[in-house]
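As stored in start-v9.csv (CSV, C-alpha atoms):
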chain,number,residue,atom,x,y,z
J,1,MET,CA,-66.3,-58.7,-10.9
J,2,LYS,CA,-68.5,-55.6,-10.7
J,3,ALA,CA,-68.0,-51.9,-10.3
J,4,LEU,CA,-69.7,-49.4,-7.9
J,5,VAL,CA,-69.5,-45.8,-9.1
J,6,LEU,CA,-70.3,-43.1,-6.6
J,7,SER,CA,-72.1,-40.2,-8.3
J,8,GLY,CA,-74.1,-38.6,-5.5
J,9,GLY,CA,-72.8,-35.8,-3.3
J,10,ALA,CA,-73.6,-32.1,-3.4
J,11,GLY,CA,-70.4,-30.8,-4.9
J,12,THR,CA,-70.3,-27.8,-2.6
J,13,ARG,CA,-66.7,-26.9,-3.6
J,14,LEU,CA,-67.8,-26.4,-7.2
J,15,ARG,CA,-70.7,-24.0,-6.4
J,16,PRO,CA,-72.4,-22.2,-8.0
J,17,ILE,CA,-71.9,-24.6,-11.0
J,18,THR,CA,-73.3,-27.5,-9.0
J,19,HIS,CA,-76.4,-25.7,-7.9
J,20,THR,CA,-77.8,-26.6,-11.3
J,21,SER,CA,-75.5,-29.5,-12.5
J,22,ALA,CA,-74.0,-32.7,-11.2
J,23,LYS,CA,-70.3,-32.3,-10.3
J,24,GLN,CA,-69.5,-35.6,-12.1
J,25,LEU,CA,-70.8,-34.1,-15.4
J,26,VAL,CA,-68.7,-31.0,-15.5
J,27,PRO,CA,-66.7,-31.5,-18.7
J,28,VAL,CA,-62.9,-32.0,-19.0
J,29,ALA,CA,-61.8,-31.5,-22.6
J,30,ASN,CA,-65.5,-31.3,-23.5
J,31,LYS,CA,-66.3,-34.7,-21.9
J,32,PRO,CA,-67.9,-35.2,-18.5
J,33,VAL,CA,-65.4,-36.4,-15.8
J,34,LEU,CA,-67.7,-39.3,-15.0
J,35,PHE,CA,-67.3,-40.7,-18.5
J,36,TYR,CA,-63.6,-41.1,-18.1
J,37,GLY,CA,-64.2,-43.3,-15.1
J,38,LEU,CA,-66.8,-45.4,-16.9
J,39,GLU,CA,-64.4,-45.9,-19.9
J,40,ALA,CA,-61.7,-47.0,-17.5
J,41,ILE,CA,-64.0,-49.5,-15.9
J,42,ALA,CA,-65.0,-50.9,-19.4
J,43,ASP,CA,-61.4,-51.1,-20.4
J,44,ALA,CA,-60.8,-53.3,-17.3
J,45,ARG,CA,-63.4,-55.8,-18.7
J,46,ILE,CA,-66.0,-55.0,-16.1
J,47,THR,CA,-69.4,-54.8,-17.5
J,48,GLU,CA,-71.8,-54.8,-14.6
J,49,VAL,CA,-71.8,-51.3,-13.1
J,50,GLY,CA,-73.9,-49.9,-10.2
J,51,ILE,CA,-74.1,-46.1,-10.1
J,52,VAL,CA,-75.0,-44.6,-6.7
J,53,VAL,CA,-77.0,-41.4,-7.3
J,54,GLY,CA,-78.5,-38.7,-5.1
J,55,ASP,CA,-80.2,-35.3,-5.8
J,56,THR,CA,-78.8,-35.2,-9.4
J,57,ALA,CA,-80.0,-38.7,-10.3
J,58,ASP,CA,-82.1,-37.5,-13.2
J,59,GLU,CA,-79.2,-35.7,-14.8
J,60,ILE,CA,-76.9,-38.6,-14.3
J,61,ARG,CA,-79.4,-41.0,-15.8
J,62,GLU,CA,-80.0,-38.8,-18.8
J,63,ALA,CA,-76.2,-38.5,-19.5
J,64,VAL,CA,-75.3,-42.2,-19.0
J,65,GLY,CA,-78.4,-44.0,-20.0
J,66,ASP,CA,-78.2,-47.8,-19.8
J,67,GLY,CA,-74.5,-47.7,-20.3
J,68,SER,CA,-74.4,-49.3,-23.7
J,69,ARG,CA,-72.5,-46.5,-25.2
J,70,PHE,CA,-69.6,-47.4,-22.9
J,71,GLY,CA,-70.0,-51.2,-23.3
J,72,ILE,CA,-71.4,-51.7,-19.8
J,73,GLU,CA,-74.8,-52.5,-18.2
J,74,VAL,CA,-75.8,-49.9,-15.6
J,75,THR,CA,-78.0,-50.3,-12.5
J,76,TYR,CA,-78.9,-47.1,-10.6
J,77,ILE,CA,-78.9,-47.2,-6.8
J,78,SER,CA,-80.5,-44.3,-5.0
J,79,GLN,CA,-78.9,-42.8,-1.9
J,80,ASP,CA,-81.3,-40.5,0.0
J,81,ALA,CA,-78.4,-38.5,1.5
J,82,PRO,CA,-74.6,-38.4,1.2
J,83,LEU,CA,-74.0,-40.5,4.3
J,84,GLY,CA,-70.5,-41.7,3.4
J,85,LEU,CA,-68.7,-44.1,1.1
J,86,ALA,CA,-69.2,-47.1,3.4
J,87,HIS,CA,-73.0,-46.3,3.4
J,88,ALA,CA,-72.9,-46.5,-0.4
J,89,VAL,CA,-71.5,-50.0,-0.1
J,90,LEU,CA,-74.2,-50.8,2.4
J,91,ILE,CA,-77.1,-49.8,0.2
J,92,ALA,CA,-75.6,-51.5,-2.8
J,93,ARG,CA,-75.5,-54.9,-1.1
J,94,GLU,CA,-78.2,-56.4,-3.3
J,95,PHE,CA,-76.6,-55.3,-6.5
J,96,LEU,CA,-73.1,-56.4,-5.4
J,97,GLY,CA,-74.1,-59.8,-4.1
J,98,ASP,CA,-71.1,-62.0,-3.3
J,99,ASP,CA,-69.0,-60.6,-6.2
J,100,ASP,CA,-65.7,-58.8,-5.9
J,101,PHE,CA,-65.9,-55.2,-7.0
J,102,VAL,CA,-64.1,-52.0,-7.6
J,103,MET,CA,-65.5,-48.8,-6.1
J,104,TYR,CA,-64.7,-45.7,-8.1
J,105,LEU,CA,-65.5,-42.2,-7.1
J,106,GLY,CA,-67.2,-40.6,-10.1
J,107,ASP,CA,-65.4,-37.2,-9.7
J,108,ASN,CA,-61.9,-38.7,-9.6
J,109,PHE,CA,-59.6,-38.7,-12.6
J,110,ILE,CA,-56.7,-41.2,-13.1
J,111,VAL,CA,-54.5,-41.1,-16.1
J,112,GLY,CA,-53.8,-44.5,-17.4
J,113,GLY,CA,-57.0,-46.1,-16.1
J,114,ILE,CA,-57.3,-49.0,-13.7
J,115,THR,CA,-56.8,-52.1,-15.9
J,116,GLY,CA,-53.4,-53.1,-14.3
J,117,LEU,CA,-54.8,-52.7,-10.8
J,118,VAL,CA,-57.9,-54.8,-11.5
J,119,GLU,CA,-55.8,-57.6,-13.1
J,120,GLU,CA,-53.5,-57.6,-10.1
J,121,PHE,CA,-56.5,-57.8,-7.7
J,122,ARG,CA,-58.1,-60.6,-9.7
J,123,ALA,CA,-54.9,-62.6,-9.6
J,124,GLU,CA,-54.2,-62.2,-5.8
J,125,ARG,CA,-57.6,-61.4,-4.2
J,126,PRO,CA,-56.7,-59.6,-1.0
J,127,GLU,CA,-59.8,-58.6,1.1
J,128,ALA,CA,-59.1,-55.0,0.1
J,129,GLN,CA,-56.7,-53.1,-2.1
J,130,ILE,CA,-56.3,-49.4,-1.9
J,131,LEU,CA,-54.6,-46.8,-4.1
J,132,LEU,CA,-52.2,-44.3,-2.6
J,133,THR,CA,-50.4,-41.2,-3.8
J,134,GLN,CA,-48.2,-38.7,-2.2
J,135,VAL,CA,-49.8,-35.3,-1.6
J,136,PRO,CA,-48.6,-32.0,-0.2
J,137,ASN,CA,-51.7,-31.5,1.9
J,138,PRO,CA,-52.6,-34.8,3.5
J,139,THR,CA,-54.9,-33.2,6.1
J,140,SER,CA,-57.5,-32.9,3.3
J,141,PHE,CA,-57.6,-36.6,2.5
J,142,GLY,CA,-57.9,-40.1,4.0
J,143,VAL,CA,-54.3,-41.0,4.9
J,144,ALA,CA,-52.6,-44.4,5.1
J,145,GLU,CA,-49.8,-45.4,7.5
J,146,LEU,CA,-47.5,-48.1,6.3
J,147,ASP,CA,-45.0,-50.2,8.3
J,148,ALA,CA,-41.4,-50.8,7.4
J,149,GLN,CA,-42.4,-53.6,5.0
J,150,GLY,CA,-44.9,-51.4,3.2
J,151,ARG,CA,-48.0,-53.1,4.8
J,152,VAL,CA,-51.0,-51.0,5.6
J,153,VAL,CA,-51.3,-50.7,9.4
J,154,GLY,CA,-53.6,-47.7,9.8
J,155,LEU,CA,-56.0,-45.3,8.1
J,156,GLU,CA,-57.2,-41.9,9.2
J,157,GLU,CA,-59.8,-39.6,7.6
J,158,LYS,CA,-58.6,-36.0,7.2
J,159,PRO,CA,-56.2,-36.2,10.2
J,160,LYS,CA,-55.1,-33.0,11.9
J,161,GLN,CA,-51.6,-34.6,12.4
J,162,PRO,CA,-51.1,-37.0,9.5
J,163,LYS,CA,-48.7,-40.0,10.0
J,164,SER,CA,-47.7,-39.9,6.3
J,165,ASP,CA,-48.2,-38.0,3.1
J,166,LEU,CA,-49.9,-40.9,1.4
J,167,ALA,CA,-53.5,-40.1,0.5
J,168,LEU,CA,-56.1,-42.6,-0.6
J,169,VAL,CA,-57.0,-42.2,-4.3
J,170,GLY,CA,-60.8,-42.6,-5.0
J,171,VAL,CA,-60.5,-46.2,-6.3
J,172,TYR,CA,-60.9,-49.2,-4.0
J,173,LEU,CA,-61.0,-53.0,-4.7
J,174,PHE,CA,-62.9,-55.3,-2.4
J,175,THR,CA,-63.9,-58.9,-1.9
J,176,PRO,CA,-67.3,-59.6,-0.1
J,177,ALA,CA,-65.4,-59.3,3.2
J,178,ILE,CA,-66.1,-55.5,3.1
J,179,HIS,CA,-69.8,-56.1,3.7
J,180,GLU,CA,-69.2,-57.4,7.2
J,181,ALA,CA,-66.9,-54.4,7.8
J,182,VAL,CA,-69.4,-51.7,6.8
J,183,ARG,CA,-72.0,-53.4,9.0
J,184,SER,CA,-69.6,-53.3,11.9
J,185,ILE,CA,-68.7,-49.6,12.1
J,186,GLU,CA,-70.4,-46.6,13.5
J,187,PRO,CA,-70.9,-43.2,11.9
J,188,SER,CA,-68.0,-40.8,12.3
J,189,TRP,CA,-68.2,-37.3,13.9
J,190,ARG,CA,-69.4,-36.1,10.5
J,191,GLY,CA,-72.4,-38.4,10.7
J,192,GLU,CA,-71.1,-40.6,7.9
J,193,LEU,CA,-70.0,-44.2,7.5
J,194,GLU,CA,-66.4,-43.8,6.5
J,195,ILE,CA,-64.8,-46.3,4.1
J,196,THR,CA,-61.5,-45.7,5.9
J,197,HIS,CA,-63.1,-47.0,9.2
J,198,ALA,CA,-64.4,-50.1,7.3
J,199,ILE,CA,-60.9,-50.8,5.9
J,200,GLN,CA,-59.4,-50.2,9.3
J,201,TRP,CA,-61.8,-52.8,10.7
J,202,LEU,CA,-60.4,-55.3,8.2
J,203,ILE,CA,-56.9,-54.4,9.3
J,204,ASP,CA,-57.8,-54.8,13.0
J,205,GLU,CA,-59.4,-58.2,12.1
J,206,LYS,CA,-56.0,-59.3,10.5
J,207,ARG,CA,-57.5,-59.4,7.1
J,208,ASP,CA,-55.3,-59.0,4.0
J,209,VAL,CA,-55.3,-55.3,3.1
J,210,ARG,CA,-52.8,-54.2,0.5
J,211,SER,CA,-51.9,-50.9,-1.1
J,212,THR,CA,-50.5,-49.7,-4.4
J,213,THR,CA,-48.7,-46.3,-4.5
J,214,ILE,CA,-49.2,-44.7,-7.9
J,215,SER,CA,-46.8,-42.1,-9.4
J,216,GLY,CA,-49.1,-41.3,-12.3
J,217,TYR,CA,-51.5,-38.4,-12.5
J,218,TRP,CA,-54.5,-38.4,-10.2
J,219,LYS,CA,-56.9,-35.6,-9.2
J,220,ASP,CA,-60.1,-35.3,-7.2
J,221,THR,CA,-61.9,-32.8,-9.4
J,222,GLY,CA,-63.9,-31.3,-6.5
J,223,ASN,CA,-62.9,-27.7,-6.9
J,224,VAL,CA,-62.3,-25.2,-9.8
J,225,ALA,CA,-58.5,-25.2,-9.5
J,226,ASP,CA,-58.3,-29.0,-9.8
J,227,MET,CA,-60.9,-29.0,-12.7
J,228,LEU,CA,-58.7,-26.6,-14.6
J,229,GLU,CA,-55.6,-28.7,-13.9
J,230,VAL,CA,-57.2,-31.9,-15.1
J,231,ASN,CA,-58.5,-30.1,-18.2
J,232,ARG,CA,-54.9,-29.0,-18.9
J,233,SER,CA,-53.6,-32.5,-18.5
J,234,VAL,CA,-56.1,-34.1,-20.8
J,235,LEU,CA,-55.8,-31.4,-23.5
J,236,GLU,CA,-52.1,-32.2,-23.8
J,237,THR,CA,-53.1,-35.7,-25.0
J,238,VAL,CA,-55.9,-34.7,-27.5
J,239,PRO,CA,-54.9,-35.1,-31.1
J,240,PRO,CA,-55.4,-32.0,-33.3
J,241,SER,CA,-58.2,-32.0,-35.9
J,242,ASN,CA,-60.4,-29.6,-37.8
J,243,GLU,CA,-63.9,-30.6,-38.7
J,244,GLY,CA,-65.2,-27.1,-38.7
J,245,THR,CA,-64.5,-24.0,-40.8
J,246,VAL,CA,-61.5,-21.7,-40.3
J,247,ASP,CA,-61.1,-18.6,-42.5
J,248,GLU,CA,-57.8,-17.4,-44.0
J,249,ASP,CA,-57.6,-14.5,-41.6
J,250,SER,CA,-57.3,-16.9,-38.6
J,251,GLU,CA,-54.2,-18.6,-37.2
J,252,ILE,CA,-54.3,-22.0,-35.6
J,253,ILE,CA,-51.1,-22.9,-33.6
J,254,GLY,CA,-50.3,-26.2,-31.9
J,255,ARG,CA,-52.6,-29.0,-30.7
J,256,VAL,CA,-56.1,-27.6,-31.5
J,257,ARG,CA,-59.3,-29.7,-32.1
J,258,ILE,CA,-62.1,-27.9,-33.9
J,259,GLU,CA,-65.3,-29.9,-33.8
J,260,ALA,CA,-68.0,-30.3,-36.5
J,261,GLY,CA,-69.9,-27.1,-37.3
J,262,ALA,CA,-67.6,-24.8,-35.4
J,263,ARG,CA,-66.7,-21.5,-37.2
J,264,VAL,CA,-63.5,-19.6,-36.7
J,265,SER,CA,-62.9,-16.2,-38.3
J,266,GLY,CA,-60.4,-13.5,-37.8
J,267,SER,CA,-59.1,-15.2,-34.7
J,268,ARG,CA,-56.0,-16.8,-33.2
J,269,ILE,CA,-56.1,-20.1,-31.3
J,270,VAL,CA,-53.1,-21.5,-29.5
J,271,GLY,CA,-53.3,-25.0,-28.4
J,272,PRO,CA,-53.8,-27.3,-26.7
J,273,ALA,CA,-57.4,-26.3,-27.0
J,274,ILE,CA,-60.8,-27.6,-28.0
J,275,ILE,CA,-63.5,-25.7,-29.8
J,276,GLY,CA,-66.9,-27.5,-29.5
J,277,ALA,CA,-69.4,-28.3,-32.2
J,278,GLY,CA,-71.4,-25.4,-33.4
J,279,THR,CA,-69.3,-22.8,-31.6
J,280,VAL,CA,-68.5,-19.5,-33.2
J,281,VAL,CA,-65.1,-17.8,-32.6
J,282,ARG,CA,-64.9,-14.4,-34.2
J,283,ASP,CA,-62.1,-11.7,-33.8
J,284,ALA,CA,-60.9,-13.5,-30.7
J,285,TYR,CA,-57.9,-15.0,-29.0
J,286,ILE,CA,-58.2,-18.4,-27.4
J,287,GLY,CA,-55.1,-19.4,-25.5
J,288,PRO,CA,-53.6,-22.7,-24.3
J,289,PHE,CA,-55.5,-25.1,-22.0
J,290,THR,CA,-58.9,-23.9,-22.9
J,291,SER,CA,-62.0,-26.0,-23.6
J,292,VAL,CA,-65.0,-24.3,-25.2
J,293,SER,CA,-68.0,-26.5,-25.3
J,294,GLU,CA,-70.7,-26.8,-28.0
J,295,ASP,CA,-72.9,-23.9,-29.3
J,296,CYS,CA,-70.8,-21.2,-27.6
J,297,ARG,CA,-69.8,-17.8,-28.9
J,298,ILE,CA,-66.4,-16.2,-28.2
J,299,GLU,CA,-66.3,-12.8,-29.9
J,300,ASP,CA,-63.9,-9.8,-29.7
J,301,SER,CA,-62.4,-11.3,-26.5
J,302,GLU,CA,-59.4,-13.1,-25.0
J,303,ILE,CA,-59.7,-16.3,-23.0
J,304,GLU,CA,-57.0,-18.7,-21.7
J,305,TYR,CA,-56.7,-21.7,-19.3
J,306,SER,CA,-60.4,-21.9,-18.9
J,307,ILE,CA,-63.5,-24.1,-19.3
J,308,VAL,CA,-66.6,-22.8,-21.0
J,309,LEU,CA,-69.7,-24.9,-20.8
J,310,ARG,CA,-72.5,-25.4,-23.4
J,311,GLY,CA,-74.4,-22.4,-24.9
J,312,SER,CA,-72.3,-19.6,-23.2
J,313,SER,CA,-71.0,-16.4,-24.8
J,314,VAL,CA,-68.0,-14.2,-24.0
J,315,THR,CA,-68.2,-11.0,-26.0
J,316,GLY,CA,-66.2,-7.8,-25.9
J,317,VAL,CA,-64.1,-8.8,-22.8
J,318,ARG,CA,-60.4,-8.1,-23.0
J,319,ARG,CA,-59.1,-10.9,-20.9
J,320,VAL,CA,-60.5,-14.0,-19.1
J,321,GLU,CA,-58.3,-16.7,-17.6
J,322,ALA,CA,-58.4,-19.5,-15.0
J,323,SER,CA,-62.2,-19.5,-15.2
J,324,LEU,CA,-65.0,-22.1,-15.1
J,325,ILE,CA,-68.0,-20.6,-16.9
J,326,GLY,CA,-71.3,-22.5,-16.6
J,327,ARG,CA,-74.0,-23.3,-19.2
J,328,ASP,CA,-75.9,-20.5,-21.0
J,329,VAL,CA,-73.8,-17.8,-19.3
J,330,GLU,CA,-73.3,-14.3,-20.9
J,331,VAL,CA,-70.1,-12.5,-20.1
J,332,THR,CA,-70.0,-8.9,-21.4
J,333,PRO,CA,-68.2,-5.6,-20.4
J,334,ALA,CA,-69.9,-3.5,-17.8
J,335,PRO,CA,-71.3,-0.2,-19.0
J,336,ARG,CA,-69.0,2.7,-18.5
J,337,ASN,CA,-71.7,5.0,-17.1
J,338,PRO,CA,-72.8,5.1,-14.4
J,339,SER,CA,-69.7,4.0,-12.7
J,340,ALA,CA,-71.1,1.1,-10.8
J,341,HIS,CA,-71.1,-2.7,-10.9
J,342,ARG,CA,-74.4,-4.5,-11.4
J,343,LEU,CA,-74.3,-8.1,-10.2
J,344,VAL,CA,-76.7,-11.1,-10.2
J,345,LEU,CA,-74.8,-13.8,-8.4
J,346,GLY,CA,-75.8,-17.2,-7.1
J,347,ASP,CA,-75.1,-18.6,-3.6
J,348,HIS,CA,-71.4,-19.2,-2.8
J,349,SER,CA,-70.2,-17.2,-5.8
J,350,LYS,CA,-66.7,-15.6,-5.9
J,351,VAL,CA,-66.2,-12.3,-7.8
J,352,GLN,CA,-63.1,-10.3,-8.4
J,353,ILE,CA,-63.5,-6.6,-9.5
J,354,SER,CA,-60.5,-4.7,-10.6
J,355,SER,CA,-61.8,-1.2,-9.8
Show me this structure written as structure tokens.
Amino acid sequence: MKALVLSGGAGTRLRPITHTSAKQLVPVANKPVLFYGLEAIADARITEVGIVVGDTADEIREAVGDGSRFGIEVTYISQDAPLGLAHAVLIAREFLGDDDFVMYLGDNFIVGGITGLVEEFRAERPEAQILLTQVPNPTSFGVAELDAQGRVVGLEEKPKQPKSDLALVGVYLFTPAIHEAVRSIEPSWRGELEITHAIQWLIDEKRDVRSTTISGYWKDTGNVADMLEVNRSVLETVPPSNEGTVDEDSEIIGRVRIEAGARVSGSRIVGPAIIGAGTVVRDAYIGPFTSVSEDCRIEDSEIEYSIVLRGSSVTGVRRVEASLIGRDVEVTPAPRNPSAHRLVLGDHSKVQISS
């Protein structure tokens, strides 16, 4: 069995972060989201992994390499444009061959991994098996309709009037039957080959399509709110440790991980939280559910429920919360005089000013 991991896409909902970085590499608890998926695939005893890449291919290749650090062997598959999930299957035909495979969306996060699902699929081998979960806003997802016996009878992509609240999770398992399906469908109104249409084709052809409804934690980390929520969830499981330096004037409360070379002085850190390697925290407060990456500086400031990426600094700022701060960013107070705001903002930025 093989795995096909989708790591293309523009990540428009995470702009401006994704103007300069792949959305799959934004860290959760100081580890890229993509890495959690690759670890779950390796845990399921799948070693041959194809990664579909687009405009951020170089960054993905640099981060993942040949896959040996995860115990897998990686083949990179270039997708010229994000033309749909079924298109990714189409262009990966040579890699996939006639093997069964799991398709995993690289920006999805599933607590507990996929080992049980893969083992069930290996044992029973339906043509397709999908994961479903109840969501409050099904119009934003692919949605499944089940009959009275729980069989999948229909799928819709982002329906205006959903027939259920069961959304497709970004993990799919297929036999080679899916290749005929993706060749048999036409692009949707979005100009994409939809995987929901391919699975619907299998259903219409009376093939064996099954579903598993999960009650565990799942998130599509496509926007800032979901990134922060996944970060919160993961931090609650991180064991506390201190490999850095904490002076006697500092207070560490709860589940806090301080990585090698980090220095904490005159500060209060309330977990769950992670302080990355080489980061300096001085005269600051870091509150729960905060991940500060490596080589950052948090000084004379307060920050909570946030993610700070590599090489950034927050100095002299009274309060920062529910924020995603990119790499090599400087956050400082505005000068008092003249009474004006000076802004340098990238495309699609969102700014809140209190005055």
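Distances from J:Ala273, J:Ala198, J:Val344, J:Leu228 to Ser306 (chain J) were compared using only C-alpha atoms, and the smallest one belongs to J:Leu228.
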TODO: Please measure the separation of CA of Ala22 (chain J) and CA of Arg61 (chain J), giving the value in Å to one decimal.
DONE: 10.9 Å
Task: Shell of 6 Å around region 244-258 of chain J, only C-alpha atoms, local chain residues under 3 positions omitted, as number ranges by chain - done: J: 240-241, 261-275
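Going from CA of Ala40 (chain J) over to CA of Thr75 (chain J), you cover 17.4 Å.
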Open item on the list: Could you list, as a PyMOL selection string, every residue within 8 Å of region 139-156 of chain J, counting only C-alpha atoms and ignoring same-chain residues fewer than 2 positions away?
Closed with: chain J and resi 132+137+158-168+196-197+199-200+203+209-211
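Proximity ranking of J:Pro32, J:Asp66, J:Val26, J:Gly311 relative to Leu324 (chain J) places J:Val26 first, based on all atoms listed in the file.
Of the residues under consideration (J:Leu193, J:Leu343, J:Ala88, J:Val5), J:Val5 shows the shortest atom-to-atom contact distance to Leu34 (chain J) when counting all atoms listed in the file.
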